[in-house]
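J.: Enclosed is the structure file protein-v1.cif (mmCIF, C-alpha atoms).
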data_work
loop_
_atom_site.label_atom_id
_atom_site.label_comp_id
_atom_site.auth_asym_id
_atom_site.auth_seq_id
_atom_site.Cartn_x
_atom_site.Cartn_y
_atom_site.Cartn_z
CA MET T 77 97.38 112.84 50.17
CA LYS T 78 96.93 109.04 50.10
CA ASN T 79 97.94 106.97 53.02
CA LYS T 80 100.13 104.21 51.72
CA VAL T 81 100.99 101.00 53.46
CA ASN T 82 104.63 101.32 54.33
CA SER T 83 105.33 98.11 56.15
CA PRO T 84 103.91 94.67 56.86
CA GLY T 85 103.12 95.96 60.33
CA ASP T 86 100.56 98.32 58.81
CA ILE T 87 98.77 95.30 57.26
CA ILE T 88 98.85 93.44 60.57
CA LYS T 89 97.45 96.48 62.39
CA ALA T 90 94.67 96.67 59.71
CA LYS T 91 95.51 100.24 58.72
CA ILE T 92 94.70 99.15 55.18
CA LEU T 93 91.03 98.85 56.17
CA VAL T 94 90.64 102.32 57.68
CA ASN T 95 92.57 104.60 55.32
CA GLU T 96 91.04 106.84 52.63
CA ASN T 97 90.96 104.15 49.91
CA SER T 98 89.46 101.48 52.12
CA ALA T 99 86.28 101.20 49.99
CA LYS T 100 88.24 99.38 47.27
CA THR T 101 89.85 97.15 49.86
CA TRP T 102 86.53 96.30 51.47
CA ALA T 103 84.99 95.53 48.07
CA PHE T 104 87.88 93.20 47.26
CA ILE T 105 87.59 91.48 50.65
CA ILE T 106 83.85 90.96 50.20
CA TYR T 107 84.48 89.61 46.69
CA ILE T 108 87.04 87.13 48.05
CA ILE T 109 84.63 86.04 50.84
CA ILE T 110 81.76 85.46 48.39
CA LEU T 111 84.04 83.56 46.02
CA SER T 112 85.31 81.41 48.90
CA LEU T 113 81.76 80.59 50.01
CA LEU T 114 80.82 79.58 46.47
CA LEU T 115 83.86 77.33 46.19
CA ILE T 116 83.12 75.72 49.56
CA GLY T 117 79.49 75.10 48.54
CA ASN T 118 80.58 73.64 45.22
CA THR T 119 83.02 71.29 46.97
CA GLN T 120 80.31 70.15 49.40
CA SER T 121 77.96 69.43 46.51
CA TYR T 122 80.67 67.51 44.64
CA GLU T 123 81.52 65.38 47.67
CA ALA T 124 77.83 64.61 48.31
CA LYS T 125 77.49 63.38 44.73
CA VAL T 126 80.64 61.25 45.03
CA PHE T 127 79.27 59.62 48.20
CA LYS T 128 75.92 59.00 46.52
CA ILE T 129 77.63 57.40 43.51
CA ALA T 130 79.68 55.16 45.81
CA LYS T 131 76.55 54.14 47.71
CA LEU T 132 74.66 53.35 44.49
CA THR T 133 77.61 51.38 43.11
CA HIS T 134 77.71 49.29 46.27
CA GLU T 135 73.95 48.73 46.06
CA VAL T 136 74.25 47.61 42.41
CA LYS T 137 76.97 45.11 43.37
CA MET T 138 74.83 43.73 46.19
CA LEU T 139 71.77 43.41 43.94
CA ARG T 140 73.82 41.71 41.24
CA ALA T 141 75.14 39.20 43.80
CA GLU T 142 71.58 38.54 45.00
CA PHE T 143 70.46 38.06 41.38
CA VAL T 144 73.19 35.51 40.70
CA ASP T 145 72.37 33.65 43.92
CA THR T 146 68.64 33.57 43.14
CA ARG T 147 69.31 32.44 39.57
CA SER T 148 71.49 29.55 40.77
CA GLU T 149 68.77 28.49 43.25
CA LEU T 150 66.21 28.56 40.44
CA MET T 151 68.43 26.44 38.20
CA GLU T 152 68.80 23.91 41.01
CA LEU T 153 65.02 23.81 41.59
CA LYS T 154 64.36 23.25 37.87
CA MET T 155 66.60 20.19 37.71
CA GLU T 156 64.78 16.90 37.10
CA SER T 157 66.40 15.19 40.08
CA THR T 158 65.19 17.92 42.46
CA ILE T 159 61.66 17.79 41.07
CA THR T 160 61.62 13.97 41.33
CA LYS T 161 62.83 14.10 44.93
CA ASN T 162 60.18 16.67 45.90
CA LEU T 163 57.41 14.67 44.22
CA GLU T 164 58.50 11.42 45.90
CA GLU T 165 57.85 13.08 49.26
CA ASP T 166 54.23 13.63 48.13
CA GLY T 167 53.91 10.03 46.96
CA ILE T 168 54.22 10.69 43.24
CA LEU T 169 56.80 8.41 41.64
CA PRO T 170 58.26 8.60 38.16
CA SER T 171 56.84 6.28 35.54
CA GLU T 172 58.62 2.96 35.09
CA THR T 173 57.51 2.58 31.49
CA PRO T 174 58.86 5.02 28.96
CA ALA T 175 56.53 7.33 27.14
CA THR T 176 55.18 6.20 23.81
CA LYS T 177 54.38 8.34 20.85
CA ILE T 178 50.76 8.44 19.82
CA LYS T 179 50.05 9.04 16.18
CA VAL T 180 46.64 10.22 15.09
CA THR T 181 45.80 9.70 11.49
CA GLU T 182 42.92 11.49 9.92
CA GLU T 183 40.95 10.01 7.08
CA ILE T 184 40.79 12.18 4.05
CA LYS T 185 37.22 12.53 2.88
CA THR T 186 36.44 13.63 -0.54
CA GLU T 187 33.55 15.98 -0.44
CA SER T 188 31.62 17.28 -3.29
CA SER T 189 31.77 20.94 -4.13
CA TRP T 190 28.09 21.16 -3.14
CA ASP T 191 28.93 20.04 0.46
CA LYS T 192 31.78 22.53 0.70
CA LEU T 193 29.50 25.34 -0.35
CA TRP T 194 26.97 24.75 2.44
CA ARG T 195 29.41 24.52 5.35
#
Please express what this file holds, its structure, as structure tokens.

T.:
Amino acid sequence: MKNKVNSPGDIIKAKILVNENSAKTWAFIIYIIILSLLLIGNTQSYEAKVFKIAKLTHEVKMLRAEFVDTRSELMELKMESTITKNLEEDGILPSETPATKIKVTEEIKTESSWDKLWR
């Protein structure tokens, strides 16, 4: 004869764990415990990845801000007025006369085919 659980009091007193069919109950309880542990581990892994993504996103934003700042400093240093000011401190002044274009003309020599052969 099977011992059946007749009331909620039997569950509270854990009679379900010591009756004749308790092997099935214990197997189910162990299954639920293992499943719960897997779900908890999965949640921990998910949260760790979310925190890592947030950290990397913040780092990317900071590096982008640093890049923009460095680029603006470079643009300022490349300006002609900044270069002129820095060179004036060393005693190098800009030229007062504008640059002139130098043209080099080359004379065209006519060479004989015999001269071209021996080059």

J.: Hey, can you check how far CA of Ala90 (chain T) sits from CA of Ile105 (chain T)?

T.: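 Between CA of Ala90 (chain T) and CA of Ile105 (chain T) the gap works out to 12.6 Å.
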
J.: Could you tell me how far CA of Ile110 (chain T) sits from CA of Ile129 (chain T), in Å to one decimal place?

T.: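 About the pair CA of Ile129 (chain T) and CA of Ile110 (chain T): they are 28.8 Å apart.
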
J.: Region 168-173 of chain T: which residues within 12 Å, counting only C-alpha atoms, same-chain residues fewer than 5 positions away excluded, as a VMD selection string?

T.: chain T and resid 156 to 157 159 to 163
